[in-house]
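Data block for input.cif (mmCIF, C-alpha atoms):
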```cif
data_run
#
loop_
_atom_site.label_atom_id
_atom_site.label_comp_id
_atom_site.auth_asym_id
_atom_site.auth_seq_id
_atom_site.Cartn_x
_atom_site.Cartn_y
_atom_site.Cartn_z
CA MET A 1 28.69 -30.44 62.69
CA GLY A 2 27.53 -34.04 62.68
CA LYS A 3 26.88 -36.03 59.53
CA GLU A 4 23.11 -35.94 60.04
CA ASN A 5 23.17 -32.23 60.70
CA PHE A 6 25.16 -31.66 57.55
CA LEU A 7 22.67 -33.62 55.46
CA VAL A 8 19.85 -31.52 56.87
CA THR A 9 21.78 -28.39 55.96
CA LEU A 10 22.31 -29.68 52.43
CA LEU A 11 18.63 -30.51 51.97
CA LEU A 12 17.57 -27.20 53.47
CA THR A 13 19.88 -25.27 51.18
CA PHE A 14 18.65 -27.22 48.17
CA CYS A 15 14.99 -26.60 49.03
CA VAL A 16 15.50 -22.92 49.78
CA ALA A 17 17.25 -22.35 46.47
CA LEU A 18 14.58 -24.32 44.65
CA GLY A 19 11.79 -22.43 46.41
CA VAL A 20 13.29 -19.02 45.80
CA ASN A 21 13.60 -19.70 42.10
CA LEU A 22 10.23 -21.42 41.69
CA GLY A 23 8.26 -19.05 43.88
CA GLY A 24 9.89 -15.91 42.56
CA SER A 25 9.37 -16.91 38.95
CA LEU A 26 5.79 -18.11 39.38
CA LEU A 27 4.61 -15.18 41.43
CA GLY A 28 6.48 -12.79 39.17
CA SER A 29 4.73 -14.32 36.22
CA LEU A 30 1.38 -13.90 37.97
CA GLY A 31 2.21 -10.25 38.52
CA ALA A 32 3.22 -9.89 34.88
CA ALA A 33 -0.13 -11.30 33.78
CA LEU A 34 -1.92 -8.79 36.00
CA LEU A 35 0.10 -5.96 34.44
CA ASN A 36 -0.49 -6.99 30.81
CA ARG A 37 2.98 -8.31 30.29
CA PRO A 38 3.80 -11.64 28.60
CA PRO A 39 3.60 -14.17 31.48
CA LEU A 40 5.73 -16.99 30.08
CA LYS A 41 8.46 -14.72 28.78
CA THR A 42 8.60 -12.93 32.14
CA MET A 43 8.66 -16.26 33.94
CA HIS A 44 11.62 -17.46 31.90
CA GLU A 45 13.52 -14.24 32.36
CA LEU A 46 12.91 -14.26 36.11
CA ALA A 47 13.97 -17.89 36.41
CA ALA A 48 17.28 -17.09 34.75
CA GLU A 49 17.82 -13.92 36.77
CA LEU A 50 16.82 -15.46 40.11
CA LYS A 51 19.16 -18.42 39.79
CA ILE A 52 22.11 -16.55 41.25
CA TRP A 53 19.93 -14.84 43.86
CA ALA A 54 18.48 -18.16 44.91
CA LEU A 55 22.02 -19.40 45.41
CA VAL A 56 22.89 -16.41 47.58
CA ALA A 57 19.66 -16.59 49.55
CA ALA A 58 20.12 -20.30 50.22
CA LEU A 59 23.64 -19.79 51.49
CA GLY A 60 22.41 -17.05 53.81
CA GLY A 61 24.70 -14.31 52.58
CA THR A 62 28.03 -14.47 50.84
CA PHE A 63 30.45 -13.25 53.48
CA GLY A 64 30.18 -16.20 55.83
CA VAL A 65 30.85 -18.65 53.05
CA ILE A 66 33.74 -16.61 51.73
CA ARG A 67 35.20 -16.45 55.22
CA THR A 68 34.89 -20.21 55.55
CA PHE A 69 36.61 -20.63 52.19
CA GLU A 70 39.36 -18.36 53.33
CA ALA A 71 39.80 -20.26 56.57
CA GLY A 72 39.66 -23.54 54.72
CA VAL A 73 42.29 -22.56 52.17
CA LEU A 74 44.65 -20.62 54.41
CA GLY A 75 44.17 -22.81 57.49
CA ARG A 76 44.24 -25.95 55.36
CA HIS A 77 40.93 -27.17 56.80
CA ILE A 78 40.08 -29.22 53.75
CA GLY A 79 37.09 -30.83 55.46
CA ASP A 80 35.33 -27.50 56.07
CA LEU A 81 36.18 -26.35 52.61
CA THR A 82 34.67 -29.48 51.09
CA ARG A 83 31.54 -29.11 53.20
CA GLN A 84 31.05 -25.53 52.07
CA LEU A 85 31.59 -26.54 48.47
CA LEU A 86 28.94 -29.20 48.86
CA VAL A 87 26.54 -26.68 50.36
CA VAL A 88 27.16 -24.29 47.47
CA GLY A 89 26.74 -27.14 45.01
CA CYS A 90 23.42 -28.14 46.59
CA ALA A 91 22.22 -24.56 46.45
CA PHE A 92 23.22 -24.37 42.83
CA LEU A 93 21.45 -27.66 42.08
CA GLY A 94 18.26 -26.43 43.75
CA ALA A 95 18.35 -23.15 41.85
CA HIS A 96 19.08 -24.89 38.58
CA LEU A 97 16.34 -27.47 39.14
CA GLY A 98 13.91 -24.60 39.70
CA TYR A 99 15.14 -23.01 36.50
CA LEU A 100 14.65 -26.24 34.57
CA ILE A 101 11.16 -26.74 35.97
CA ILE A 102 10.21 -23.19 34.95
CA MET A 103 11.68 -23.72 31.50
CA SER A 104 9.69 -26.92 31.09
CA LEU A 105 6.46 -25.10 31.97
CA GLY A 106 6.74 -22.88 28.94
CA SER A 107 8.55 -25.27 26.66
CA HIS A 108 5.58 -25.61 24.26
CA ARG A 109 6.11 -22.04 23.11
CA MET B 1 -7.54 -17.79 63.51
CA PRO B 2 -4.26 -16.35 62.11
CA ARG B 3 -3.33 -19.84 61.01
CA LYS B 4 -6.59 -20.17 59.10
CA LEU B 5 -6.06 -16.75 57.62
CA GLY B 6 -2.59 -17.73 56.54
CA LEU B 7 -3.91 -20.91 54.99
CA LEU B 8 -6.60 -18.93 53.25
CA PHE B 9 -4.03 -16.59 51.70
CA LEU B 10 -1.81 -19.48 50.79
CA GLY B 11 -4.78 -21.17 49.16
CA ILE B 12 -5.64 -18.03 47.26
CA ILE B 13 -2.08 -17.71 46.02
CA ALA B 14 -1.87 -21.39 45.14
CA GLY B 15 -5.21 -21.28 43.33
CA GLY B 16 -4.25 -18.12 41.53
CA LEU B 17 -0.98 -19.71 40.47
CA LEU B 18 -2.69 -22.85 39.22
CA VAL B 19 -5.24 -20.90 37.22
CA HIS B 20 -2.51 -18.63 35.96
CA LEU B 21 -0.35 -21.53 34.86
CA PHE B 22 -3.33 -23.11 33.16
CA HIS B 23 -4.03 -19.95 31.15
CA ALA B 24 -0.49 -18.60 30.81
CA ALA B 25 0.03 -19.94 27.31
CA ARG B 26 -3.17 -18.38 26.07
CA LEU B 27 -2.36 -15.08 27.79
CA GLU B 28 1.04 -15.14 26.18
CA LYS B 29 -0.46 -15.75 22.75
CA ILE B 30 -2.93 -12.89 23.26
CA TYR B 31 -0.08 -10.62 24.29
CA TRP B 32 2.00 -11.39 21.22
CA ASP B 33 -1.02 -11.10 18.93
CA LYS B 34 -1.69 -7.71 20.46
CA GLU B 35 1.90 -6.67 19.88
CA LYS B 36 1.72 -7.88 16.29
CA LEU B 37 -1.49 -5.93 15.75
CA LYS B 38 0.13 -2.84 17.26
CA VAL B 39 2.96 -3.11 14.75
CA GLU B 40 0.51 -3.65 11.91
CA LEU B 41 -1.54 -0.68 13.06
CA PHE B 42 1.57 1.46 13.15
CA GLU B 43 2.62 0.38 9.67
CA THR B 44 -0.87 0.88 8.30
CA THR B 45 -1.12 4.32 9.87
CA GLU B 46 2.21 5.23 8.34
CA ARG B 47 1.08 3.96 4.95
CA LEU B 48 -2.16 5.88 5.27
CA ALA B 49 -0.33 9.08 6.16
CA ARG B 50 1.98 8.62 3.18
CA GLY B 51 -0.99 7.90 0.91
CA GLU B 52 -2.83 10.95 2.17
CA ALA B 53 0.24 13.10 1.60
CA LEU B 54 0.60 11.76 -1.93
CA TRP B 55 -3.10 12.25 -2.54
CA ALA B 56 -2.90 15.86 -1.34
CA ASP B 57 0.09 16.55 -3.59
CA ARG B 58 -1.30 14.96 -6.72
CA PRO B 59 -1.83 17.23 -9.74
CA ALA B 60 -5.44 18.24 -10.34
CA GLU B 61 -7.05 16.11 -13.01
CA LYS B 62 -8.87 17.82 -15.84
CA VAL B 63 -11.40 16.72 -18.38
CA SER B 64 -9.48 15.95 -21.54
CA SER B 65 -12.29 14.65 -23.73
CA VAL B 66 -16.02 14.13 -23.71
CA GLU B 67 -17.56 11.07 -25.29
CA LEU B 68 -21.22 10.92 -26.12
CA VAL B 69 -22.91 7.57 -26.51
CA ILE B 70 -26.33 8.14 -28.04
CA THR B 71 -28.95 5.46 -28.26
CA GLY B 72 -32.30 5.82 -29.89
CA GLU B 73 -34.10 5.27 -33.18
CA LEU B 74 -31.93 7.51 -35.33
CA ASP B 75 -30.22 7.19 -38.64
CA ASP B 76 -26.51 7.86 -39.01
CA PHE B 77 -26.92 11.45 -40.13
CA GLU B 78 -29.27 12.31 -37.27
CA GLU B 79 -26.97 10.67 -34.77
CA LEU B 80 -23.95 12.56 -36.08
CA GLU B 81 -25.80 15.86 -36.05
CA LEU B 82 -27.08 15.26 -32.52
CA GLN B 83 -23.58 14.33 -31.43
CA ARG B 84 -22.30 17.55 -32.92
CA GLN B 85 -24.94 19.65 -31.18
CA ALA B 86 -24.52 17.86 -27.87
CA GLY B 87 -20.76 18.12 -28.31
CA GLU B 88 -21.07 21.87 -28.65
CA ILE B 89 -22.96 21.98 -25.39
CA THR B 90 -20.46 19.85 -23.53
CA ALA B 91 -17.32 21.32 -25.13
CA PRO B 92 -16.70 23.83 -22.32
CA LEU B 93 -16.31 20.90 -19.95
CA ILE B 94 -12.96 20.14 -21.55
CA GLY B 95 -10.20 21.58 -19.42
CA SER B 96 -12.35 21.82 -16.32
CA VAL B 97 -10.83 20.53 -13.10
CA LEU B 98 -12.63 17.33 -12.16
CA GLU B 99 -12.88 18.08 -8.46
CA GLU B 100 -14.48 21.41 -9.12
CA LEU B 101 -17.19 20.06 -11.38
CA GLU B 102 -20.68 19.87 -9.93
CA PRO B 103 -22.12 16.51 -10.96
CA GLU B 104 -25.71 17.73 -10.95
CA LEU B 105 -24.87 20.53 -13.30
CA VAL B 106 -22.93 18.23 -15.60
CA VAL B 107 -26.00 16.02 -15.85
CA ALA B 108 -28.23 19.04 -16.26
CA LEU B 109 -26.26 20.10 -19.33
CA LEU B 110 -28.00 17.52 -21.45
CA HIS B 111 -30.74 15.94 -19.42
CA ARG B 112 -34.17 16.50 -20.98
CA ARG B 113 -32.70 18.99 -23.38
CA LYS B 114 -34.59 19.58 -26.57
CA LEU B 115 -32.50 19.68 -29.73
CA THR B 116 -33.90 20.63 -33.11
CA LEU B 117 -32.78 18.77 -36.17
CA GLU B 118 -34.24 19.58 -39.59
CA GLY B 119 -37.35 21.04 -38.00
CA LYS B 120 -37.90 18.01 -35.76
CA ASP B 121 -37.47 18.22 -32.02
CA TYR B 122 -35.58 15.54 -30.12
CA ARG B 123 -35.28 15.15 -26.42
CA LEU B 124 -32.09 13.95 -24.80
CA ASP B 125 -32.21 11.96 -21.60
CA VAL B 126 -29.04 11.32 -19.65
CA ASN B 127 -28.87 7.72 -18.51
CA TRP B 128 -25.57 8.06 -16.75
CA VAL B 129 -22.42 10.12 -16.75
CA VAL B 130 -18.88 9.15 -15.94
CA ILE B 131 -17.02 12.24 -14.79
CA ALA B 132 -13.40 11.46 -15.46
CA PRO B 133 -10.56 12.73 -17.64
CA ARG B 134 -12.48 10.97 -20.41
CA THR B 135 -15.96 12.07 -19.44
CA ARG B 136 -18.67 9.90 -20.94
CA PHE B 137 -22.34 10.67 -21.35
CA ASN B 138 -24.79 7.89 -22.06
CA LEU B 139 -27.80 9.46 -23.70
CA SER B 140 -31.18 8.28 -24.92
CA VAL B 141 -32.83 10.21 -27.70
CA SER B 142 -36.54 10.26 -28.34
CA PRO B 143 -38.80 12.52 -30.36
CA ALA B 144 -39.80 15.44 -28.15
CA PRO B 145 -43.51 15.63 -27.32
CA ALA B 146 -45.17 18.79 -28.60
CA GLY B 147 -45.12 21.68 -26.12
CA SER B 148 -42.40 20.22 -23.91
CA SER B 149 -39.85 22.66 -22.64
CA ARG B 150 -36.54 22.66 -20.73
CA ALA B 151 -38.18 24.48 -17.85
CA LYS B 152 -39.99 21.29 -16.79
CA ASN B 153 -36.72 19.62 -15.84
CA ARG B 154 -36.59 17.82 -12.56
CA VAL B 155 -32.91 18.57 -12.21
CA GLY B 156 -33.35 21.85 -10.43
CA GLU B 157 -34.71 25.28 -11.11
CA GLY B 158 -31.32 26.96 -10.98
CA ALA B 159 -29.82 24.76 -13.64
CA ALA B 160 -32.87 24.99 -15.86
CA SER B 161 -33.23 28.71 -15.64
CA PHE B 162 -29.74 29.79 -16.56
CA LEU B 163 -29.11 27.25 -19.29
CA PRO B 164 -30.45 28.64 -22.56
CA PRO B 165 -32.41 26.38 -24.88
CA GLN B 166 -30.28 27.01 -27.97
CA PRO B 167 -27.08 24.96 -28.33
CA SER B 168 -25.22 27.86 -29.90
CA ALA B 169 -25.37 29.86 -26.71
CA CYS B 170 -24.62 26.97 -24.43
CA GLY B 171 -20.89 27.53 -24.20
CA SER B 172 -21.08 30.65 -22.12
CA ALA B 173 -23.94 29.22 -20.05
CA LEU B 174 -21.92 26.16 -19.19
CA THR B 175 -18.98 28.31 -18.24
CA ALA B 176 -21.27 30.17 -15.91
CA ALA B 177 -22.65 26.90 -14.56
CA VAL B 178 -19.20 25.46 -14.00
CA SER B 179 -17.95 28.61 -12.32
CA ARG B 180 -20.99 28.56 -10.05
CA ALA B 181 -20.28 24.95 -9.30
CA HIS B 182 -16.91 25.87 -7.89
CA GLY B 183 -18.59 27.38 -4.91
CA GLN B 184 -21.06 24.54 -4.34
CA LYS B 185 -20.08 21.02 -3.31
CA LYS B 186 -22.89 18.50 -3.54
CA GLY B 187 -23.06 14.76 -3.92
CA LEU B 188 -23.83 13.12 -7.23
CA ARG B 189 -27.58 12.76 -7.65
CA PHE B 190 -28.96 11.48 -10.87
CA PRO B 191 -32.22 13.08 -11.82
#
```
Turn the structure described in the file into structure tokens.
Amino acid sequence: MGKENFLVTLLLTFCVALGVNLGGSLLGSLGAALLNRPPLKTMHELAAELKIWALVAALGGTFGVIRTFEAGVLGRHIGDLTRQLLVVGCAFLGAHLGYLIIMSLGSHR
Amino acid sequence: MPRKLGLLFLGIIAGGLLVHLFHAARLEKIYWDKEKLKVELFETTERLARGEALWADRPAEKVSSVELVITGELDDFEELELQRQAGEITAPLIGSVLEELEPELVVALLHRRKLTLEGKDYRLDVNWVVIAPRTRFNLSVSPAPAGSSRAKNRVGEGAASFLPPQPSACGSALTAAVSRAHGQKKGLRFP
């Protein structure tokens, strides 16, 4: 994997995690409003709950990553291991940024 | 065409989201106000049910005393004597259950009644009555015009016909009136 390719992967992971969290929370909130539920409260709850799912979705499933970790640790491929950690970190950052944006939307409550 | 359709749906969703975000705070406030009102309604309903239960279990109130307030151009002796005579008429009210009293009949006890005092006739008019444990009659007294009789009352033929004109016989008549009233429930109507 080249350096440029890796950066694209990082950005893609970040955006996917961000989009999953933002989109899920916003559309969920819209659905809550249509069903006479509190929209902001639902939005906050969804943002918190979707954070971990956004991470998983951005990584494209857990097993591949875990396998890479395993190979990295046992096979002492520190470079691969670091790359995967960076990808996970980017996914986490994207999900958390989405969470923070959602929280800021209802912060006047 | 599918691309335009996709864009259209995306636009609808984006527009819906924007409008939703714009109104979300107000929707949220409405939701919580509604929840608060639901709780208040529940508490009020509970309180009402408790109040109704207490009201249903309360002991029946009875008339414990009758006060007569007489106004008119009378001297002290005449007023006392009229109070005595009117008191005799209203005495059977004491001990009656308030809820079972018929307000019209209570008024009819004294309204336009002719009382004789030292050969002179006086007519009682009931201004108002408070039916309570301490029942109070507010009466006006005026000299009765010659030839007037109890039968001309406006209160009602039934009340006028079975109430005798003489105060001495009024006790049993009132008892009869009150016992009849038990079976009839009417609203208070001043004559």
Target residues per the PyMOL selection byres ((chain A) within 9 of (chain B)), formatted as a compact mmCIF listing (two decimals) with C-alpha atoms, keeping the file's coordinate frame:
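Contents of the output file part38.txt:
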```txt
# COMPACT_ATOMS: atom_id res chain seq x y z
CA LEU A 26 5.79 -18.11 39.38
CA LEU A 27 4.61 -15.18 41.43
CA SER A 29 4.73 -14.32 36.22
CA LEU A 30 1.38 -13.90 37.97
CA ALA A 33 -0.13 -11.30 33.78
CA ASN A 36 -0.49 -6.99 30.81
CA ARG A 37 2.98 -8.31 30.29
CA PRO A 38 3.80 -11.64 28.60
CA PRO A 39 3.60 -14.17 31.48
CA LEU A 40 5.73 -16.99 30.08
CA LYS A 41 8.46 -14.72 28.78
CA LEU A 105 6.46 -25.10 31.97
CA GLY A 106 6.74 -22.88 28.94
CA HIS A 108 5.58 -25.61 24.26
CA ARG A 109 6.11 -22.04 23.11
```
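Put simply, atom CA of B:Leu101 is 9.7 Å away from atom CA of B:Val63.
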*List the residues matched by the PyMOL selection byres ((chain A and resi 92-94) around 8) in the displayed structure as a PyMOL selection string, ordered by chain and then by residue number.*
chain A and resi 13-18+51+55+88-91+95-98
*Quick one: pull the distance between atom CA of B:Lys114 and atom CA of B:Gln85, Å, one decimal.*
10.7 Å
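Atom CA of A:Glu4 to atom CA of A:Leu50 spans 29.3 Å [interatomic distance, one decimal].
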_Please enumerate the residues selected by the PyMOL selection byres ((chain B and resi 136-144) around 10) when evaluated against the supplied file, formatted as a PyMOL selection string._
chain B and resi 65-74+79+82+86+90+106-107+110-116+120-135+145-149
Once you have the residues from the selection above, write them out as a PDB file, keeping the file's coordinate frame, restricted to C-alpha atoms.
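Writing the result to again05.pdb gives the following:
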```pdb
ATOM      1  CA  SER B  65     -12.290  14.650 -23.730  1.00  0.00           C
ATOM      2  CA  VAL B  66     -16.020  14.130 -23.710  1.00  0.00           C
ATOM      3  CA  GLU B  67     -17.560  11.070 -25.290  1.00  0.00           C
ATOM      4  CA  LEU B  68     -21.220  10.920 -26.120  1.00  0.00           C
ATOM      5  CA  VAL B  69     -22.910   7.570 -26.510  1.00  0.00           C
ATOM      6  CA  ILE B  70     -26.330   8.140 -28.040  1.00  0.00           C
ATOM      7  CA  THR B  71     -28.950   5.460 -28.260  1.00  0.00           C
ATOM      8  CA  GLY B  72     -32.300   5.820 -29.890  1.00  0.00           C
ATOM      9  CA  GLU B  73     -34.100   5.270 -33.180  1.00  0.00           C
ATOM     10  CA  LEU B  74     -31.930   7.510 -35.330  1.00  0.00           C
ATOM     11  CA  GLU B  79     -26.970  10.670 -34.770  1.00  0.00           C
ATOM     12  CA  LEU B  82     -27.080  15.260 -32.520  1.00  0.00           C
ATOM     13  CA  ALA B  86     -24.520  17.860 -27.870  1.00  0.00           C
ATOM     14  CA  THR B  90     -20.460  19.850 -23.530  1.00  0.00           C
ATOM     15  CA  VAL B 106     -22.930  18.230 -15.600  1.00  0.00           C
ATOM     16  CA  VAL B 107     -26.000  16.020 -15.850  1.00  0.00           C
ATOM     17  CA  LEU B 110     -28.000  17.520 -21.450  1.00  0.00           C
ATOM     18  CA  HIS B 111     -30.740  15.940 -19.420  1.00  0.00           C
ATOM     19  CA  ARG B 112     -34.170  16.500 -20.980  1.00  0.00           C
ATOM     20  CA  ARG B 113     -32.700  18.990 -23.380  1.00  0.00           C
ATOM     21  CA  LYS B 114     -34.590  19.580 -26.570  1.00  0.00           C
ATOM     22  CA  LEU B 115     -32.500  19.680 -29.730  1.00  0.00           C
ATOM     23  CA  THR B 116     -33.900  20.630 -33.110  1.00  0.00           C
ATOM     24  CA  LYS B 120     -37.900  18.010 -35.760  1.00  0.00           C
ATOM     25  CA  ASP B 121     -37.470  18.220 -32.020  1.00  0.00           C
ATOM     26  CA  TYR B 122     -35.580  15.540 -30.120  1.00  0.00           C
ATOM     27  CA  ARG B 123     -35.280  15.150 -26.420  1.00  0.00           C
ATOM     28  CA  LEU B 124     -32.090  13.950 -24.800  1.00  0.00           C
ATOM     29  CA  ASP B 125     -32.210  11.960 -21.600  1.00  0.00           C
ATOM     30  CA  VAL B 126     -29.040  11.320 -19.650  1.00  0.00           C
ATOM     31  CA  ASN B 127     -28.870   7.720 -18.510  1.00  0.00           C
ATOM     32  CA  TRP B 128     -25.570   8.060 -16.750  1.00  0.00           C
ATOM     33  CA  VAL B 129     -22.420  10.120 -16.750  1.00  0.00           C
ATOM     34  CA  VAL B 130     -18.880   9.150 -15.940  1.00  0.00           C
ATOM     35  CA  ILE B 131     -17.020  12.240 -14.790  1.00  0.00           C
ATOM     36  CA  ALA B 132     -13.400  11.460 -15.460  1.00  0.00           C
ATOM     37  CA  PRO B 133     -10.560  12.730 -17.640  1.00  0.00           C
ATOM     38  CA  ARG B 134     -12.480  10.970 -20.410  1.00  0.00           C
ATOM     39  CA  THR B 135     -15.960  12.070 -19.440  1.00  0.00           C
ATOM     40  CA  PRO B 145     -43.510  15.630 -27.320  1.00  0.00           C
ATOM     41  CA  ALA B 146     -45.170  18.790 -28.600  1.00  0.00           C
ATOM     42  CA  GLY B 147     -45.120  21.680 -26.120  1.00  0.00           C
ATOM     43  CA  SER B 148     -42.400  20.220 -23.910  1.00  0.00           C
ATOM     44  CA  SER B 149     -39.850  22.660 -22.640  1.00  0.00           C
TER      45      SER B 149
END
```
